[in-house]
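Accompanying notes for the structure given below.
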Amino acid sequence: MEFKQIKNNKVYEQIIEQIRELIYEGELKKGDKLPSERQLKKDLGVSRASIREAFSALEMIGLIESRPGEGTFIRDSFDEDIFNPLSLILLLNDNVAEELLELRRVLEIDCVKLAAERATEAEIEELQSYIEDLLSSSGYEEESIKADKMFHYTIARASGNKVLLFFMRSISEAMDFHIKNTRTKLVSKKETMTDFASQHQQIFKALKEHNPEQAAAEMKNHLDYVEKLINKEIEG
């Protein structure tokens with residue numbers, strides 16, 4: 001396979017684009033090992049930091065995986081929950097954080113209404129476990145973020161609409177990339193996490209009671225709060 005020298009300010013995007021083209025052309029296939037960072041640095045004429053940023057984005061959407069002691073590989077298999085073109089498109093667009101927040105609001109409020117009507121007992125129990133994880137993970141950023149994401153993913157799955165789940169994952173993955181530093185700051189604040197936990201508990205209560213309108217109202221309250229905090233952090 002042949003890589004081209006990169007001369008562009010958005011370096012990581014160009015790296016992603018070249019890897020995508022090699023996949024489309026059949027030069028990179030499932031299970032193939034990517035060149036090392038050192039080799040890519042030489043072939044592309046870019047810094048290792050840019051390569052790592054590109055790899056981070058591709059790993060986030062599930063296209064590649066890092067195997068300790070072996071290297072970085074195109075994944076052997078994909079399922080419906082990972083790697084989709086929409087994720088890649090959203091990752092490659094700048095300044096879309098605000099629009100992603102708006103789209104998330106549109107989707108999640110109706111999504112939680114469906115979940116309140118359709119959630120099974122097993123899904124309710126699963127949501128309860130993520131509430132418990134969220135309450136117990138205060139001060140642990142990775143655990144808090146994981147519990148939060150899984151709570152919202154489970155709501156999307158409980159809606160019974162696979163397309164909604166597809167879009168929710170795409171939006172979440174893109175937001176993780178575009179506001180990762182902001183999100184880390186938010187979950188590191190005790191007051192914010194206390195509010196998050198309380199809001200999630202209220203959403204869960206409405207879901208458990210199978211109350212669609214209340215669930216939608218609680219989700220709107222939560223998303224209003226999150227959007228306000230993120231915009232405040234972005235604006236400095």
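Chain labels A, B, ... are given in the sequence in which chains occur in the structure tokens; within each chain residues are numbered consecutively from 1, and ligands are likewise numbered from 1 in the order shown.
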| message | as JSON, numbers by chain, please: the residues near range 199-214 of chain A (cut-off 7 Å, only C-alpha atoms, same-chain neighbours under 5 positions excluded). | response | {"A": [113, 114, 116, 117, 124, 131, 219, 222]}
| task | Give me the residues within 6 Å of range 153-170 of chain A as a PyMOL selection string, counting only C-alpha atoms and dropping any in the same chain fewer than 5 places off. | result | chain A and resi 87+111+114-115+119
If we count only C-alpha atoms, what is near range 70-73 of chain A at a cut-off of 10 Å, once residues fewer than 3 positions away on the same chain are taken out, given as an mmCIF file with C-alpha atoms, in the first residue's frame?
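Once written, selection-v3.cif looks like this:
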data_model
loop_
_atom_site.group_PDB
_atom_site.id
_atom_site.type_symbol
_atom_site.label_atom_id
_atom_site.label_comp_id
_atom_site.auth_asym_id
_atom_site.auth_seq_id
_atom_site.Cartn_x
_atom_site.Cartn_y
_atom_site.Cartn_z
ATOM 1 C CA LEU A 28 -6.713 -2.586 3.623
ATOM 2 C CA LYS A 29 -9.034 -5.387 4.736
ATOM 3 C CA LYS A 30 -10.464 -6.773 7.958
ATOM 4 C CA GLY A 31 -7.704 -7.983 10.240
ATOM 5 C CA ASP A 32 -4.910 -6.171 8.388
ATOM 6 C CA LYS A 33 -2.172 -4.607 10.461
ATOM 7 C CA LEU A 34 -1.558 -0.898 9.936
ATOM 8 C CA PRO A 35 1.992 0.447 9.624
ATOM 9 C CA SER A 36 3.633 1.515 12.879
ATOM 10 C CA GLU A 37 3.483 5.124 14.036
ATOM 11 C CA PHE A 55 -6.087 6.550 15.416
ATOM 12 C CA GLU A 59 -10.734 3.494 17.368
ATOM 13 C CA LEU A 63 -12.879 0.740 12.807
ATOM 14 C CA ILE A 64 -9.483 -0.127 14.284
ATOM 15 C CA GLU A 65 -8.218 -1.729 17.458
ATOM 16 C CA SER A 66 -4.934 -1.529 19.292
ATOM 17 C CA ARG A 67 -3.431 -4.813 20.491
ATOM 18 C CA ASP A 76 -11.805 -8.420 12.232
#
| as JSON, numbers by chain, which residues of range 41-177 of chain A does DSSP assign to alpha helix (DSSP H)? | {"A": [41, 42, 43, 44, 48, 49, 50, 51, 52, 53, 54, 55, 56, 57, 58, 59, 60, 85, 86, 87, 88, 89, 90, 91, 97, 98, 99, 100, 101, 102, 103, 104, 105, 106, 107, 108, 109, 110, 111, 112, 113, 114, 115, 116, 117, 118, 121, 122, 123, 124, 125, 126, 127, 128, 129, 130, 131, 132, 133, 134, 135, 136, 141, 142, 143, 144, 145, 146, 147, 148, 149, 150, 151, 152, 153, 154, 155, 156, 157, 158, 162, 163, 164, 165, 166, 167, 168, 169, 170, 171, 172, 173, 174, 175, 176, 177]}
Name the residues of range 12-157 of chain A that fall into strand (DSSP E) according to DSSP on the backbone, using the chain letters and numbers of this document, as a PDB file with all heavy atoms, in the first residue's frame.
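Output saved as result-v4.pdb:
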ATOM      1  N   ILE A  64     -10.778   0.492  14.000  1.00  0.00           N
ATOM      2  CA  ILE A  64      -9.483  -0.127  14.284  1.00  0.00           C
ATOM      3  C   ILE A  64      -9.413  -0.522  15.748  1.00  0.00           C
ATOM      4  O   ILE A  64     -10.212  -0.059  16.574  1.00  0.00           O
ATOM      5  CB  ILE A  64      -8.304   0.815  13.930  1.00  0.00           C
ATOM      6  CG1 ILE A  64      -8.300   2.045  14.855  1.00  0.00           C
ATOM      7  CG2 ILE A  64      -8.361   1.215  12.464  1.00  0.00           C
ATOM      8  CD1 ILE A  64      -7.084   2.940  14.675  1.00  0.00           C
ATOM      9  N   GLU A  65      -8.446  -1.357  16.063  1.00  0.00           N
ATOM     10  CA  GLU A  65      -8.218  -1.729  17.458  1.00  0.00           C
ATOM     11  C   GLU A  65      -6.720  -1.842  17.712  1.00  0.00           C
ATOM     12  O   GLU A  65      -5.960  -2.261  16.839  1.00  0.00           O
ATOM     13  CB  GLU A  65      -8.909  -3.048  17.799  1.00  0.00           C
ATOM     14  CG  GLU A  65      -8.420  -4.248  17.016  1.00  0.00           C
ATOM     15  CD  GLU A  65      -9.136  -5.523  17.413  1.00  0.00           C
ATOM     16  OE1 GLU A  65      -9.774  -5.530  18.478  1.00  0.00           O
ATOM     17  OE2 GLU A  65      -9.055  -6.509  16.659  1.00  0.00           O
ATOM     18  N   SER A  66      -6.335  -1.447  18.892  1.00  0.00           N
ATOM     19  CA  SER A  66      -4.934  -1.529  19.292  1.00  0.00           C
ATOM     20  C   SER A  66      -4.727  -2.785  20.130  1.00  0.00           C
ATOM     21  O   SER A  66      -5.466  -3.030  21.089  1.00  0.00           O
ATOM     22  CB  SER A  66      -4.556  -0.283  20.111  1.00  0.00           C
ATOM     23  OG  SER A  66      -3.230  -0.384  20.565  1.00  0.00           O
ATOM     24  N   ARG A  67      -3.735  -3.588  19.751  1.00  0.00           N
ATOM     25  CA  ARG A  67      -3.431  -4.813  20.491  1.00  0.00           C
ATOM     26  C   ARG A  67      -2.054  -4.655  21.131  1.00  0.00           C
ATOM     27  O   ARG A  67      -1.038  -4.580  20.407  1.00  0.00           O
ATOM     28  CB  ARG A  67      -3.432  -6.023  19.554  1.00  0.00           C
ATOM     29  CG  ARG A  67      -4.746  -6.230  18.834  1.00  0.00           C
ATOM     30  CD  ARG A  67      -4.668  -7.368  17.836  1.00  0.00           C
ATOM     31  NE  ARG A  67      -5.839  -7.435  16.966  1.00  0.00           N
ATOM     32  CZ  ARG A  67      -5.936  -8.221  15.897  1.00  0.00           C
ATOM     33  NH1 ARG A  67      -4.892  -8.998  15.552  1.00  0.00           N
ATOM     34  NH2 ARG A  67      -7.029  -8.214  15.164  1.00  0.00           N
ATOM     35  N   GLY A  71       0.404  -4.175  17.796  1.00  0.00           N
ATOM     36  CA  GLY A  71       0.225  -3.060  16.878  1.00  0.00           C
ATOM     37  C   GLY A  71      -1.229  -2.672  16.733  1.00  0.00           C
ATOM     38  O   GLY A  71      -2.066  -3.018  17.568  1.00  0.00           O
ATOM     39  N   THR A  72      -1.531  -1.949  15.649  1.00  0.00           N
ATOM     40  CA  THR A  72      -2.890  -1.466  15.387  1.00  0.00           C
ATOM     41  C   THR A  72      -3.442  -2.167  14.161  1.00  0.00           C
ATOM     42  O   THR A  72      -2.775  -2.252  13.126  1.00  0.00           O
ATOM     43  CB  THR A  72      -2.885   0.066  15.174  1.00  0.00           C
ATOM     44  OG1 THR A  72      -2.298   0.693  16.322  1.00  0.00           O
ATOM     45  CG2 THR A  72      -4.288   0.586  14.979  1.00  0.00           C
ATOM     46  N   PHE A  73      -4.676  -2.650  14.267  1.00  0.00           N
ATOM     47  CA  PHE A  73      -5.268  -3.466  13.217  1.00  0.00           C
ATOM     48  C   PHE A  73      -6.653  -2.956  12.811  1.00  0.00           C
ATOM     49  O   PHE A  73      -7.368  -2.372  13.630  1.00  0.00           O
ATOM     50  CB  PHE A  73      -5.438  -4.921  13.695  1.00  0.00           C
ATOM     51  CG  PHE A  73      -4.156  -5.630  13.999  1.00  0.00           C
ATOM     52  CD1 PHE A  73      -3.477  -5.395  15.201  1.00  0.00           C
ATOM     53  CD2 PHE A  73      -3.613  -6.530  13.094  1.00  0.00           C
ATOM     54  CE1 PHE A  73      -2.282  -6.043  15.488  1.00  0.00           C
ATOM     55  CE2 PHE A  73      -2.416  -7.191  13.384  1.00  0.00           C
ATOM     56  CZ  PHE A  73      -1.753  -6.947  14.572  1.00  0.00           C
ATOM     57  N   ILE A  74      -7.019  -3.197  11.539  1.00  0.00           N
ATOM     58  CA  ILE A  74      -8.406  -3.044  11.121  1.00  0.00           C
ATOM     59  C   ILE A  74      -9.168  -4.151  11.834  1.00  0.00           C
ATOM     60  O   ILE A  74      -8.733  -5.301  11.864  1.00  0.00           O
ATOM     61  CB  ILE A  74      -8.571  -3.195   9.590  1.00  0.00           C
ATOM     62  CG1 ILE A  74      -7.677  -2.195   8.835  1.00  0.00           C
ATOM     63  CG2 ILE A  74     -10.040  -3.023   9.204  1.00  0.00           C
ATOM     64  CD1 ILE A  74      -8.041  -0.743   9.038  1.00  0.00           C
TER      65      ILE A  74
END
| task | Name all residues at most 12 Å from range 189-194 of chain A (count only C-alpha atoms; drop same-chain ones fewer than 4 positions away) and give them as a list of chain:residue names. | result |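 The neighbour list is A:Ile131, A:Leu134, A:Leu135, A:Ser136, A:Ser137, A:Ser138, A:Gly139, A:Tyr140, A:Glu141, A:Glu143, A:Ser144, A:Ile145, A:Ala147, A:Asp148, A:Thr182, A:Arg183, A:Thr184, A:Lys185, A:Ser198, A:Gln199, A:His200, A:Gln201, A:His222, A:Tyr225, A:Val226, A:Lys228, A:Leu229, A:Ile230.
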Take the selection from the previous step and output its residues with N, CA, C and O atoms, as a tab-separated table (two decimals), in the first residue's frame.
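Result written to again27.tsv:
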chain	number	residue	atom	x	y	z
A	131	ILE	N	-27.51	3.55	37.00
A	131	ILE	CA	-27.73	4.59	38.01
A	131	ILE	C	-26.84	4.33	39.21
A	131	ILE	O	-26.18	5.24	39.74
A	134	LEU	N	-23.33	5.17	38.38
A	134	LEU	CA	-23.14	6.62	38.32
A	134	LEU	C	-23.00	7.19	39.74
A	134	LEU	O	-22.16	8.06	39.99
A	135	LEU	N	-23.80	6.68	40.67
A	135	LEU	CA	-23.74	7.15	42.04
A	135	LEU	C	-22.44	6.76	42.73
A	135	LEU	O	-21.92	7.50	43.57
A	136	SER	N	-21.91	5.60	42.37
A	136	SER	CA	-20.71	5.10	43.04
A	136	SER	C	-19.41	5.53	42.38
A	136	SER	O	-18.33	5.31	42.92
A	137	SER	N	-19.51	6.17	41.19
A	137	SER	CA	-18.30	6.50	40.44
A	137	SER	C	-17.85	7.94	40.60
A	137	SER	O	-16.98	8.40	39.87
A	138	SER	N	-18.45	8.66	41.53
A	138	SER	CA	-18.09	10.06	41.73
A	138	SER	C	-16.59	10.19	42.00
A	138	SER	O	-16.04	9.52	42.87
A	139	GLY	N	-15.92	11.03	41.23
A	139	GLY	CA	-14.48	11.21	41.38
A	139	GLY	C	-13.68	10.33	40.44
A	139	GLY	O	-12.47	10.50	40.32
A	140	TYR	N	-14.36	9.39	39.77
A	140	TYR	CA	-13.68	8.52	38.81
A	140	TYR	C	-14.23	8.84	37.42
A	140	TYR	O	-15.32	8.38	37.05
A	141	GLU	N	-13.48	9.62	36.66
A	141	GLU	CA	-13.99	10.17	35.40
A	141	GLU	C	-14.40	9.11	34.39
A	141	GLU	O	-15.48	9.16	33.81
A	143	GLU	N	-15.20	5.95	34.76
A	143	GLU	CA	-16.36	5.17	35.20
A	143	GLU	C	-17.64	5.98	35.07
A	143	GLU	O	-18.68	5.47	34.66
A	144	SER	N	-17.55	7.28	35.41
A	144	SER	CA	-18.72	8.16	35.32
A	144	SER	C	-19.19	8.31	33.89
A	144	SER	O	-20.39	8.23	33.59
A	145	ILE	N	-18.24	8.55	32.99
A	145	ILE	CA	-18.57	8.72	31.58
A	145	ILE	C	-19.18	7.44	31.01
A	145	ILE	O	-20.18	7.47	30.28
A	147	ALA	N	-20.79	5.00	32.64
A	147	ALA	CA	-22.13	4.77	33.20
A	147	ALA	C	-23.15	5.69	32.54
A	147	ALA	O	-24.27	5.26	32.22
A	148	ASP	N	-22.77	6.94	32.33
A	148	ASP	CA	-23.66	7.90	31.68
A	148	ASP	C	-24.00	7.46	30.27
A	148	ASP	O	-25.17	7.44	29.85
A	182	THR	N	-13.86	19.05	27.24
A	182	THR	CA	-14.94	19.69	27.98
A	182	THR	C	-15.67	18.67	28.85
A	182	THR	O	-15.96	18.92	30.02
A	183	ARG	N	-15.94	17.51	28.28
A	183	ARG	CA	-16.67	16.47	29.02
A	183	ARG	C	-15.86	16.00	30.23
A	183	ARG	O	-16.42	15.80	31.31
A	184	THR	N	-14.57	15.85	30.04
A	184	THR	CA	-13.72	15.43	31.16
A	184	THR	C	-13.75	16.44	32.30
A	184	THR	O	-13.80	16.09	33.47
A	185	LYS	N	-13.73	17.72	31.94
A	185	LYS	CA	-13.81	18.78	32.95
A	185	LYS	C	-15.12	18.70	33.73
A	185	LYS	O	-15.16	18.87	34.94
A	198	SER	N	-28.69	13.05	40.10
A	198	SER	CA	-30.08	13.36	40.46
A	198	SER	C	-30.97	13.38	39.22
A	198	SER	O	-32.08	12.83	39.23
A	199	GLN	N	-30.48	13.99	38.15
A	199	GLN	CA	-31.26	14.07	36.92
A	199	GLN	C	-31.50	12.68	36.32
A	199	GLN	O	-32.60	12.38	35.84
A	200	HIS	N	-30.47	11.85	36.34
A	200	HIS	CA	-30.62	10.49	35.82
A	200	HIS	C	-31.60	9.67	36.66
A	200	HIS	O	-32.36	8.85	36.13
A	201	GLN	N	-31.59	9.90	37.95
A	201	GLN	CA	-32.53	9.20	38.83
A	201	GLN	C	-33.98	9.58	38.49
A	201	GLN	O	-34.87	8.72	38.51
A	222	HIS	N	-32.55	17.52	31.83
A	222	HIS	CA	-31.16	17.06	31.87
A	222	HIS	C	-30.37	17.61	30.69
A	222	HIS	O	-29.25	18.12	30.87
A	225	TYR	N	-29.56	21.27	30.96
A	225	TYR	CA	-28.48	21.47	31.93
A	225	TYR	C	-27.12	21.16	31.29
A	225	TYR	O	-26.17	21.95	31.39
A	226	VAL	N	-27.03	20.02	30.60
A	226	VAL	CA	-25.78	19.62	29.95
A	226	VAL	C	-25.38	20.63	28.88
A	226	VAL	O	-24.21	21.03	28.80
A	228	LYS	N	-26.13	23.78	28.62
A	228	LYS	CA	-25.71	25.03	29.25
A	228	LYS	C	-24.27	24.93	29.75
A	228	LYS	O	-23.45	25.84	29.54
A	229	LEU	N	-23.94	23.81	30.40
A	229	LEU	CA	-22.58	23.62	30.92
A	229	LEU	C	-21.56	23.52	29.80
A	229	LEU	O	-20.48	24.12	29.88
A	230	ILE	N	-21.89	22.75	28.76
A	230	ILE	CA	-20.94	22.58	27.65
A	230	ILE	C	-20.69	23.89	26.94
A	230	ILE	O	-19.55	24.24	26.63
| field | Atomic distance CA of Met150 in chain A - CA of Asp176 in chain A, expressed in Å with one decimal | value |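 Pair CA of Met150 in chain A / CA of Asp176 in chain A returns 13.5 Å.
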| request: Please measure the separation of CA of Glu227 in chain A and CA of Lys146 in chain A, giving the value in Å to one decimal. | output: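 One can read the CA of Glu227 in chain A to CA of Lys146 in chain A distance as 18.7 Å.
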| message | Residues near Asp43 in chain A, anyone? I mean within 9 Å using only C-alpha atoms, not counting same-chain ones fewer than 5 positions away, as a list in words. | response | Glu2, Phe3, Lys4, Gln5 and Arg38 of chain A
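Between CA of Phe151 in chain A and CA of Glu53 in chain A the separation is 27.0 Å.
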| field | Who sits within 12 Å of Ala49 in chain A, only C-alpha atoms, same chain under 3 positions skipped, as a list in words | value |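 Contacts, with the query itself left out: Val11, Tyr12, Ile15, Glu37, Arg38, Leu40, Lys41, Gly45, Val46, Arg52, Glu53, Ala54, Phe55 and Ser56 of chain A.
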| field | Nearest residue to Met175 in chain A from the set A:Ala216, A:Leu101, A:Ile23, A:Ile61 (distances using only C-alpha atoms) | value |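 The answer is A:Leu101, which sits nearest to Met175 in chain A.
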